[in-house]
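A.B. asks: This is the structure I have questions about; it appears just below.
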Amino acid sequence: MPEASNAVAVHLVAASDDNYAMPLAAMVRSVLDNLAPGYHLHVHVVDGGITEENKARLRASWSDQPATVHWRDASGLLPDVMVSGYMSAAAYLRLLIPELLPAEIDRAIYLDSDLIVLGNIGELWDMPFDGSPLLAVQDCAAPTVSSPMGLLLHEELGHAPDEKYLNSGVMVMNLALWRERGIAAEVFRYLEKHREAVQCFDQDGINAVLAGQWKALDPRWNQMSQLFGYPSWRESPFDEETYRRTRNSPLIVHYSSRRKPWHPDYVNRNRKYYYRYLDHTAWRGWRPKWVPEATWRGKLVARVQGALRKLRKKR
C-alpha cells in the first residue's frame, strides 16, 4: 500500500530463513493489524534463505495494509558463528542490521519471528533513547548477568552481578550509535574470542558488550513463555504489579521456549494469538498435523494401548 505523505515511517526489521517464513507472516501481520493510524510500516526482511515462493506468500500476507517490504540480502556477511540443533545462524542476522539498512535510517525495531504483537508498535517507535544504544526488556529466564543462563564471564568483564540481562527478541536499536561505536563488530569479536563461554548465542554477545548501557522497556513489550514457569510474582524478577500486568496484559507475546505454537504439542493459553493472525495471511487455515507419537499425551496413549494389546495376547 502506498505511503501517505504525512505518515510516520516505522522501520521494522525481522531476520528469517525459509523455516520461519510462516511465523514471520503472522508476526508482521499482527504488527500491521494493531498499528495505529498515521504510521506506515517499512518491513525490512533480512533474508537468510527464503524461497521465492514464500516471499510471494509473505508479500500477499501484508499487501492490504500500510506497509512497504524491503528484502535485505545477508549472504556471505556472517562470520563463522556457533549454532546448535535448535539455533541456526539466522539468529545472528540481527547483528547485521546497522550495516544492511541505509545510513539515513538511524533507528529500527527488531522483532523475532516467534512472537505476536498485540499493542501499537508506534508507541515503541516513539520512545526516546536518552543516549542509550538500545531499548529492550529484561530476560525473565535470566534476569541478571550472574543468572545460571546469563554471562559466564560477567566477573571477568567487570559487570556487577545484579546487572540486568536483556532478551534480544525485542529491541529498539539506536543505529546511529551502533554504527558510530562499531557495536556489532565488537559483539562478533566477543562471540569469537569466548566461544567456550557462550550460552545464548548472539544474546550473550549483546549483553557482554552493552551491559549497564541499555534502557529497560516495560516487560509487557516482551512477555516471554518462561514467565508462566514462576509459581507467583515472588519467585519472578518483577514486583507484584509488573508481574500481573505482564502476565495478563502483554503488548507482545513471545513464544520463547523451544516448543512453538505451530508444534502439535505446544501447550500455552497464548497459542490462540498465533493462529488468530496466521489466519489473516496466505497461510490461513494451516494447522499442524497431530502425530500421536510426537506428543507426551500421544506417547502415554500409545503405551496404554500397547499394554492392552499385550494383555489380550496373554488371554
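Chains: A, B, ... in order of the C-alpha cells. Residues: from 1 per chain. Ligands: from 1, in order shown.
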How close does region 199-228 of chain A get to region 172-175 of chain A? List, as a tab-separated table, each residue of region 199-228 of chain A within 12 Å, its nearest atom pair and the distance in Å to one decimal, counting only C-alpha atoms.
C.D. replies:
```
residue	atom	partner	partner_atom	distance
A:Ile206	CA	A:Met173	CA	11.6
A:Leu210	CA	A:Met173	CA	11.9
A:Gln213	CA	A:Asn174	CA	11.9
A:Trp214	CA	A:Met173	CA	9.8
A:Lys215	CA	A:Val172	CA	9.7
A:Ala216	CA	A:Val172	CA	10.5
A:Leu217	CA	A:Val172	CA	9.6
A:Trp221	CA	A:Val172	CA	11.0
```
A.B. asks: Where in region 26-136 of chain A does DSSP assign strand (DSSP E), given as a list in words?
C.D. replies: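 Going through region 26-136 of chain A, the strand (DSSP E) residues come out as Tyr39, His40, Leu41, His42, Val43, His44, Val45, Val46, Asp47, Ala67, Thr68, Val69, His70, Trp71, Arg72, Asp73, Arg107, Ala108, Ile109, Tyr110, Leu111, Leu115, Ile116, Val117, Leu134, Leu135 and Ala136 of chain A.
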A.B. asks: Suppose we keep N, CA, C and O atoms; can you now write the selection as a compact mmCIF listing (two decimals), in the first residue's frame?
C.D. replies:
```
# COMPACT_ATOMS: atom_id res chain seq x y z
N TYR A 39 0.78 5.89 10.90
CA TYR A 39 2.08 5.25 10.77
C TYR A 39 2.11 4.42 9.48
O TYR A 39 1.09 3.86 9.06
N HIS A 40 3.27 4.34 8.86
CA HIS A 40 3.47 3.46 7.71
C HIS A 40 4.65 2.55 8.03
O HIS A 40 5.73 3.02 8.39
N LEU A 41 4.43 1.25 7.90
CA LEU A 41 5.45 0.27 8.29
C LEU A 41 6.36 -0.07 7.10
O LEU A 41 5.88 -0.45 6.03
N HIS A 42 7.64 0.07 7.32
CA HIS A 42 8.64 -0.42 6.38
C HIS A 42 9.20 -1.73 6.97
O HIS A 42 9.86 -1.71 8.02
N VAL A 43 8.91 -2.83 6.32
CA VAL A 43 9.34 -4.14 6.80
C VAL A 43 10.62 -4.51 6.08
O VAL A 43 10.63 -4.72 4.86
N HIS A 44 11.71 -4.58 6.83
CA HIS A 44 13.00 -4.98 6.28
C HIS A 44 13.24 -6.44 6.67
O HIS A 44 13.45 -6.75 7.85
N VAL A 45 13.18 -7.33 5.70
CA VAL A 45 13.38 -8.75 5.96
C VAL A 45 14.82 -9.10 5.63
O VAL A 45 15.23 -9.05 4.46
N VAL A 46 15.60 -9.42 6.66
CA VAL A 46 16.96 -9.89 6.44
C VAL A 46 16.85 -11.34 6.00
O VAL A 46 16.48 -12.21 6.78
N ASP A 47 17.14 -11.57 4.74
CA ASP A 47 16.86 -12.85 4.09
C ASP A 47 17.98 -13.85 4.35
O ASP A 47 19.09 -13.72 3.83
N ALA A 67 2.09 -0.84 4.36
CA ALA A 67 3.41 -1.45 4.54
C ALA A 67 4.18 -1.45 3.22
O ALA A 67 3.61 -1.60 2.15
N THR A 68 5.50 -1.30 3.35
CA THR A 68 6.42 -1.44 2.23
C THR A 68 7.45 -2.48 2.63
O THR A 68 8.02 -2.40 3.73
N VAL A 69 7.69 -3.47 1.77
CA VAL A 69 8.60 -4.57 2.10
C VAL A 69 9.94 -4.36 1.39
O VAL A 69 9.98 -4.07 0.19
N HIS A 70 11.02 -4.53 2.16
CA HIS A 70 12.38 -4.43 1.63
C HIS A 70 13.11 -5.73 1.95
O HIS A 70 13.12 -6.16 3.10
N TRP A 71 13.71 -6.34 0.95
CA TRP A 71 14.46 -7.57 1.16
C TRP A 71 15.94 -7.22 1.31
O TRP A 71 16.52 -6.55 0.45
N ARG A 72 16.55 -7.64 2.39
CA ARG A 72 17.95 -7.34 2.66
C ARG A 72 18.77 -8.63 2.59
O ARG A 72 18.60 -9.52 3.41
N ASP A 73 19.61 -8.70 1.59
CA ASP A 73 20.40 -9.91 1.35
C ASP A 73 21.60 -9.96 2.30
O ASP A 73 22.43 -9.05 2.30
N ARG A 107 17.24 4.56 13.35
CA ARG A 107 16.67 3.72 14.40
C ARG A 107 15.85 2.62 13.74
O ARG A 107 15.33 2.80 12.63
N ALA A 108 15.74 1.50 14.41
CA ALA A 108 14.96 0.38 13.88
C ALA A 108 14.44 -0.46 15.04
O ALA A 108 15.09 -0.56 16.09
N ILE A 109 13.26 -1.04 14.83
CA ILE A 109 12.73 -2.01 15.79
C ILE A 109 13.03 -3.39 15.24
O ILE A 109 12.67 -3.71 14.10
N TYR A 110 13.70 -4.20 16.03
CA TYR A 110 13.93 -5.59 15.64
C TYR A 110 12.97 -6.48 16.42
O TYR A 110 12.84 -6.34 17.65
N LEU A 111 12.30 -7.41 15.72
CA LEU A 111 11.43 -8.39 16.37
C LEU A 111 11.75 -9.78 15.88
O LEU A 111 11.91 -10.01 14.67
N LEU A 115 6.94 -14.42 17.65
CA LEU A 115 6.17 -13.62 18.59
C LEU A 115 4.97 -13.00 17.88
O LEU A 115 4.89 -12.96 16.65
N ILE A 116 4.04 -12.53 18.67
CA ILE A 116 2.84 -11.87 18.16
C ILE A 116 2.69 -10.53 18.89
O ILE A 116 2.79 -10.47 20.13
N VAL A 117 2.46 -9.48 18.13
CA VAL A 117 2.32 -8.14 18.69
C VAL A 117 0.84 -7.82 18.92
O VAL A 117 0.03 -7.95 18.00
N LEU A 134 20.31 1.08 22.97
CA LEU A 134 19.33 0.01 22.81
C LEU A 134 18.21 0.12 23.85
O LEU A 134 18.47 0.44 25.01
N LEU A 135 16.98 -0.15 23.42
CA LEU A 135 15.86 -0.34 24.33
C LEU A 135 15.47 -1.81 24.26
O LEU A 135 15.32 -2.37 23.16
N ALA A 136 15.31 -2.45 25.40
CA ALA A 136 14.99 -3.88 25.43
C ALA A 136 14.32 -4.23 26.75
O ALA A 136 14.18 -3.38 27.64
```
A.B. asks: Return as a VMD selection string the full set of residues in region 7-125 of chain A whose backbone-based DSSP assignment is alpha helix (DSSP H).
C.D. replies: chain A and resid 21 to 33 52 to 62 97 to 100 121 to 125
A.B. asks: Print the selection's residues with N, CA and C atoms to a file, as an mmCIF file, in the first residue's frame.
C.D. replies:
```cif
data_model
loop_
_atom_site.group_PDB
_atom_site.id
_atom_site.type_symbol
_atom_site.label_atom_id
_atom_site.label_comp_id
_atom_site.auth_asym_id
_atom_site.auth_seq_id
_atom_site.Cartn_x
_atom_site.Cartn_y
_atom_site.Cartn_z
ATOM 1 N N ALA A 21 9.396 -18.716 7.657
ATOM 2 C CA ALA A 21 8.602 -17.836 6.797
ATOM 3 C C ALA A 21 7.166 -17.723 7.288
ATOM 4 N N MET A 22 6.542 -18.827 7.657
ATOM 5 C CA MET A 22 5.157 -18.792 8.112
ATOM 6 C C MET A 22 5.010 -18.009 9.422
ATOM 7 N N PRO A 23 5.809 -18.272 10.457
ATOM 8 C CA PRO A 23 5.708 -17.449 11.665
ATOM 9 C C PRO A 23 5.986 -15.966 11.392
ATOM 10 N N LEU A 24 6.916 -15.693 10.473
ATOM 11 C CA LEU A 24 7.205 -14.310 10.113
ATOM 12 C C LEU A 24 5.964 -13.626 9.552
ATOM 13 N N ALA A 25 5.207 -14.357 8.713
ATOM 14 C CA ALA A 25 3.980 -13.806 8.136
ATOM 15 C C ALA A 25 2.998 -13.401 9.233
ATOM 16 N N ALA A 26 2.819 -14.272 10.226
ATOM 17 C CA ALA A 26 1.881 -13.991 11.320
ATOM 18 C C ALA A 26 2.377 -12.842 12.188
ATOM 19 N N MET A 27 3.685 -12.807 12.451
ATOM 20 C CA MET A 27 4.236 -11.751 13.303
ATOM 21 C C MET A 27 4.008 -10.377 12.686
ATOM 22 N N VAL A 28 4.399 -10.207 11.429
ATOM 23 C CA VAL A 28 4.253 -8.907 10.786
ATOM 24 C C VAL A 28 2.773 -8.544 10.643
ATOM 25 N N ARG A 29 1.939 -9.547 10.351
ATOM 26 C CA ARG A 29 0.506 -9.267 10.245
ATOM 27 C C ARG A 29 -0.042 -8.730 11.567
ATOM 28 N N SER A 30 0.422 -9.280 12.682
ATOM 29 C CA SER A 30 -0.041 -8.800 13.989
ATOM 30 C C SER A 30 0.399 -7.360 14.232
ATOM 31 N N VAL A 31 1.600 -7.018 13.758
ATOM 32 C CA VAL A 31 2.067 -5.630 13.867
ATOM 33 C C VAL A 31 1.144 -4.706 13.086
ATOM 34 N N LEU A 32 0.861 -5.092 11.843
ATOM 35 C CA LEU A 32 0.045 -4.252 10.965
ATOM 36 C C LEU A 32 -1.384 -4.095 11.475
ATOM 37 N N ASP A 33 -1.956 -5.182 11.967
ATOM 38 C CA ASP A 33 -3.348 -5.126 12.416
ATOM 39 C C ASP A 33 -3.520 -4.292 13.680
ATOM 40 N N GLU A 52 11.571 -18.021 -3.261
ATOM 41 C CA GLU A 52 10.761 -17.037 -3.975
ATOM 42 C C GLU A 52 9.273 -17.300 -3.761
ATOM 43 N N GLU A 53 8.903 -18.567 -3.668
ATOM 44 C CA GLU A 53 7.501 -18.912 -3.430
ATOM 45 C C GLU A 53 7.019 -18.345 -2.102
ATOM 46 N N ASN A 54 7.829 -18.506 -1.063
ATOM 47 C CA ASN A 54 7.422 -17.988 0.246
ATOM 48 C C ASN A 54 7.530 -16.465 0.322
ATOM 49 N N LYS A 55 8.439 -15.871 -0.429
ATOM 50 C CA LYS A 55 8.482 -14.408 -0.485
ATOM 51 C C LYS A 55 7.183 -13.865 -1.066
ATOM 52 N N ALA A 56 6.683 -14.535 -2.109
ATOM 53 C CA ALA A 56 5.415 -14.105 -2.710
ATOM 54 C C ALA A 56 4.272 -14.244 -1.711
ATOM 55 N N ARG A 57 4.272 -15.310 -0.934
ATOM 56 C CA ARG A 57 3.223 -15.509 0.065
ATOM 57 C C ARG A 57 3.322 -14.462 1.173
ATOM 58 N N LEU A 58 4.540 -14.102 1.539
ATOM 59 C CA LEU A 58 4.721 -13.060 2.557
ATOM 60 C C LEU A 58 4.202 -11.715 2.054
ATOM 61 N N ARG A 59 4.555 -11.348 0.836
ATOM 62 C CA ARG A 59 4.065 -10.079 0.281
ATOM 63 C C ARG A 59 2.536 -10.057 0.228
ATOM 64 N N ALA A 60 1.955 -11.189 -0.189
ATOM 65 C CA ALA A 60 0.494 -11.272 -0.270
ATOM 66 C C ALA A 60 -0.150 -11.151 1.109
ATOM 67 N N SER A 61 0.549 -11.597 2.133
ATOM 68 C CA SER A 61 0.012 -11.569 3.501
ATOM 69 C C SER A 61 -0.097 -10.162 4.066
ATOM 70 N N TRP A 62 0.674 -9.227 3.521
ATOM 71 C CA TRP A 62 0.736 -7.875 4.085
ATOM 72 C C TRP A 62 0.280 -6.790 3.117
ATOM 73 N N ILE A 97 22.018 -5.586 11.102
ATOM 74 C CA ILE A 97 21.049 -4.531 10.792
ATOM 75 C C ILE A 97 21.709 -3.170 10.544
ATOM 76 N N PRO A 98 22.658 -2.719 11.388
ATOM 77 C CA PRO A 98 23.265 -1.402 11.122
ATOM 78 C C PRO A 98 23.955 -1.341 9.766
ATOM 79 N N GLU A 99 24.476 -2.452 9.305
ATOM 80 C CA GLU A 99 25.171 -2.496 8.022
ATOM 81 C C GLU A 99 24.204 -2.612 6.849
ATOM 82 N N LEU A 100 23.118 -3.349 7.036
ATOM 83 C CA LEU A 100 22.207 -3.645 5.936
ATOM 84 C C LEU A 100 21.222 -2.523 5.635
ATOM 85 N N ILE A 121 2.990 -0.718 17.875
ATOM 86 C CA ILE A 121 4.441 -0.508 17.975
ATOM 87 C C ILE A 121 4.835 0.917 17.596
ATOM 88 N N GLY A 122 3.865 1.712 17.158
ATOM 89 C CA GLY A 122 4.145 3.132 17.001
ATOM 90 C C GLY A 122 4.597 3.739 18.323
ATOM 91 N N GLU A 123 4.039 3.228 19.425
ATOM 92 C CA GLU A 123 4.451 3.695 20.752
ATOM 93 C C GLU A 123 5.899 3.318 21.031
ATOM 94 N N LEU A 124 6.279 2.135 20.612
ATOM 95 C CA LEU A 124 7.657 1.670 20.796
ATOM 96 C C LEU A 124 8.604 2.522 19.953
ATOM 97 N N TRP A 125 8.173 2.837 18.736
ATOM 98 C CA TRP A 125 8.979 3.636 17.823
ATOM 99 C C TRP A 125 9.251 5.030 18.384
#
```
A.B. asks: Which residue gives the smallest distance to Gly38 (chain A) among A:Asn268, A:Ser249, A:Asn6, A:Asn167, with only C-alpha atoms counted?
C.D. replies: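 Using only C-alpha atoms, Gly38 (chain A) sits closest to A:Asn6.
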A.B. asks: Please indicate the distance in Å from CA of Phe201 (chain A) to CA of Ser147 (chain A), rounded to one decimal place.
C.D. replies: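 These two atoms are separated by 15.5 Å.
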A.B. asks: For Tyr243 (chain A), find every residue with an atom within 10 Å (counting only C-alpha atoms), except residues of its own chain fewer than 6 positions away, and show them as a short mmCIF file (atom, residue, chain, number, x, y, z; two decimals) with all heavy atoms, in the first residue's frame.
C.D. replies:
```
data_model
loop_
_atom_site.label_atom_id
_atom_site.label_comp_id
_atom_site.auth_asym_id
_atom_site.auth_seq_id
_atom_site.Cartn_x
_atom_site.Cartn_y
_atom_site.Cartn_z
N PRO A 219 8.15 -4.65 30.68
CA PRO A 219 8.18 -6.07 30.31
C PRO A 219 6.98 -6.53 29.48
O PRO A 219 7.05 -7.59 28.83
CB PRO A 219 8.21 -6.79 31.66
CG PRO A 219 8.83 -5.81 32.59
CD PRO A 219 8.33 -4.46 32.13
N ARG A 220 5.90 -5.75 29.46
CA ARG A 220 4.77 -6.13 28.62
C ARG A 220 5.13 -6.13 27.14
O ARG A 220 4.43 -6.75 26.33
CB ARG A 220 3.59 -5.19 28.86
CG ARG A 220 2.93 -5.36 30.23
CD ARG A 220 1.71 -4.46 30.34
NE ARG A 220 2.07 -3.05 30.19
CZ ARG A 220 1.22 -2.10 29.82
NH1 ARG A 220 -0.03 -2.39 29.55
NH2 ARG A 220 1.62 -0.85 29.72
N GLN A 223 6.58 -10.38 26.62
CA GLN A 223 6.12 -11.38 27.57
C GLN A 223 6.68 -12.73 27.13
O GLN A 223 6.21 -13.34 26.18
CB GLN A 223 4.59 -11.45 27.63
CG GLN A 223 4.05 -12.44 28.65
CD GLN A 223 2.76 -13.11 28.19
OE1 GLN A 223 2.75 -13.82 27.19
NE2 GLN A 223 1.69 -12.88 28.91
N LEU A 227 7.84 -16.79 31.74
CA LEU A 227 7.15 -16.10 32.84
C LEU A 227 6.14 -17.02 33.51
O LEU A 227 5.92 -16.94 34.72
CB LEU A 227 6.43 -14.86 32.28
CG LEU A 227 5.67 -14.01 33.30
CD1 LEU A 227 6.63 -13.34 34.28
CD2 LEU A 227 4.82 -12.96 32.60
N TYR A 230 6.97 -19.34 36.70
CA TYR A 230 7.08 -18.86 38.08
C TYR A 230 5.75 -19.11 38.81
O TYR A 230 4.69 -18.70 38.32
CB TYR A 230 7.39 -17.36 38.10
CG TYR A 230 8.78 -17.02 37.62
CD1 TYR A 230 8.99 -16.45 36.37
CD2 TYR A 230 9.89 -17.27 38.43
CE1 TYR A 230 10.27 -16.13 35.93
CE2 TYR A 230 11.18 -16.96 38.00
CZ TYR A 230 11.35 -16.39 36.75
OH TYR A 230 12.62 -16.08 36.33
N SER A 232 4.55 -17.67 41.37
CA SER A 232 3.94 -16.39 41.73
C SER A 232 4.95 -15.28 41.45
O SER A 232 6.09 -15.54 41.07
CB SER A 232 3.55 -16.37 43.22
OG SER A 232 4.69 -16.24 44.04
N TRP A 233 4.54 -14.05 41.69
CA TRP A 233 5.43 -12.92 41.44
C TRP A 233 6.64 -12.94 42.36
O TRP A 233 7.70 -12.40 42.01
CB TRP A 233 4.66 -11.61 41.61
CG TRP A 233 4.27 -11.28 43.03
CD1 TRP A 233 3.13 -11.63 43.68
CD2 TRP A 233 5.05 -10.55 43.99
NE1 TRP A 233 3.13 -11.17 44.97
CE2 TRP A 233 4.29 -10.49 45.18
CE3 TRP A 233 6.30 -9.92 43.95
CZ2 TRP A 233 4.75 -9.84 46.32
CZ3 TRP A 233 6.76 -9.27 45.08
CH2 TRP A 233 6.00 -9.24 46.25
N ARG A 234 6.50 -13.54 43.52
CA ARG A 234 7.60 -13.54 44.50
C ARG A 234 8.85 -14.26 43.97
O ARG A 234 9.97 -13.91 44.31
CB ARG A 234 7.14 -14.19 45.81
CG ARG A 234 6.09 -13.38 46.56
CD ARG A 234 5.63 -14.07 47.83
NE ARG A 234 4.65 -13.26 48.56
CZ ARG A 234 3.36 -13.25 48.27
NH1 ARG A 234 2.89 -14.01 47.28
NH2 ARG A 234 2.53 -12.49 48.97
N SER A 236 9.53 -14.46 40.76
CA SER A 236 9.89 -13.84 39.48
C SER A 236 10.83 -12.65 39.73
O SER A 236 11.00 -12.20 40.86
CB SER A 236 8.63 -13.36 38.77
OG SER A 236 8.19 -12.11 39.29
N PRO A 237 11.41 -12.10 38.66
CA PRO A 237 12.27 -10.92 38.82
C PRO A 237 11.49 -9.62 38.91
O PRO A 237 12.10 -8.55 38.99
CB PRO A 237 13.13 -10.96 37.55
CG PRO A 237 12.29 -11.65 36.54
CD PRO A 237 11.48 -12.67 37.30
N SER A 249 -1.75 -8.71 30.57
CA SER A 249 -1.99 -7.69 29.54
C SER A 249 -0.74 -7.43 28.70
O SER A 249 -0.24 -6.31 28.62
CB SER A 249 -2.44 -6.38 30.21
OG SER A 249 -3.56 -6.58 31.04
#
```
A.B. asks: Select, from A:Asp106, A:Asp18, A:Asp114, A:Glu156, the residue with the minimum atom-to-atom distance to Arg258 (chain A), counting only C-alpha atoms.
C.D. replies: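 With only C-alpha atoms as the atom set, the closest residue is A:Asp114.
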A.B. asks: Interatomic distance between CA of Glu241 (chain A) and CA of Gly150 (chain A)?
C.D. replies: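 Rounded to one decimal, the two atoms are 24.8 Å apart.
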A.B. asks: Within 8 Å of Leu93 (chain A), counting only C-alpha atoms, which residues qualify if same-chain residues fewer than 3 places away don't, as a list in words?
C.D. replies: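 So, after excluding close chain neighbours, the residues are Ala15, Val46, Gly48, Ala74, Leu78, Ala89, Ala90, Leu96 and Ile97 of chain A.
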A.B. asks: Residues as selected, N, CA, C and O atoms, written as a PDB file, in the first residue's frame, can you do that?
C.D. replies:
```
ATOM      1  N   ALA A  15      14.526 -11.079  10.801  1.00  0.00           N
ATOM      2  CA  ALA A  15      15.514 -11.918  10.123  1.00  0.00           C
ATOM      3  C   ALA A  15      14.981 -13.340  10.093  1.00  0.00           C
ATOM      4  O   ALA A  15      14.535 -13.863  11.116  1.00  0.00           O
ATOM      5  N   VAL A  46      15.596  -9.422   6.660  1.00  0.00           N
ATOM      6  CA  VAL A  46      16.962  -9.886   6.439  1.00  0.00           C
ATOM      7  C   VAL A  46      16.853 -11.343   6.004  1.00  0.00           C
ATOM      8  O   VAL A  46      16.483 -12.211   6.784  1.00  0.00           O
ATOM      9  N   GLY A  48      17.653 -14.865   5.140  1.00  0.00           N
ATOM     10  CA  GLY A  48      18.618 -15.929   5.414  1.00  0.00           C
ATOM     11  C   GLY A  48      18.387 -17.169   4.572  1.00  0.00           C
ATOM     12  O   GLY A  48      18.872 -18.247   4.909  1.00  0.00           O
ATOM     13  N   ALA A  74      21.668 -11.000   3.109  1.00  0.00           N
ATOM     14  CA  ALA A  74      22.754 -11.130   4.084  1.00  0.00           C
ATOM     15  C   ALA A  74      23.754 -12.218   3.702  1.00  0.00           C
ATOM     16  O   ALA A  74      24.623 -12.573   4.497  1.00  0.00           O
ATOM     17  N   LEU A  78      27.849 -13.035   7.290  1.00  0.00           N
ATOM     18  CA  LEU A  78      28.062 -13.563   8.641  1.00  0.00           C
ATOM     19  C   LEU A  78      29.424 -14.230   8.757  1.00  0.00           C
ATOM     20  O   LEU A  78      29.814 -15.019   7.886  1.00  0.00           O
ATOM     21  N   ALA A  89      22.125 -20.194  12.228  1.00  0.00           N
ATOM     22  CA  ALA A  89      22.889 -18.960  12.012  1.00  0.00           C
ATOM     23  C   ALA A  89      21.982 -17.764  11.811  1.00  0.00           C
ATOM     24  O   ALA A  89      22.416 -16.616  11.972  1.00  0.00           O
ATOM     25  N   ALA A  90      20.708 -17.994  11.478  1.00  0.00           N
ATOM     26  CA  ALA A  90      19.762 -16.893  11.278  1.00  0.00           C
ATOM     27  C   ALA A  90      19.619 -16.031  12.529  1.00  0.00           C
ATOM     28  O   ALA A  90      19.273 -14.847  12.435  1.00  0.00           O
ATOM     29  N   LEU A  96      23.528  -7.681  11.889  1.00  0.00           N
ATOM     30  CA  LEU A  96      23.911  -7.052  10.624  1.00  0.00           C
ATOM     31  C   LEU A  96      23.028  -5.855  10.283  1.00  0.00           C
ATOM     32  O   LEU A  96      23.245  -5.189   9.277  1.00  0.00           O
ATOM     33  N   ILE A  97      22.018  -5.586  11.102  1.00  0.00           N
ATOM     34  CA  ILE A  97      21.049  -4.531  10.792  1.00  0.00           C
ATOM     35  C   ILE A  97      21.709  -3.170  10.544  1.00  0.00           C
ATOM     36  O   ILE A  97      21.383  -2.488   9.565  1.00  0.00           O
TER      37      ILE A  97
END
```
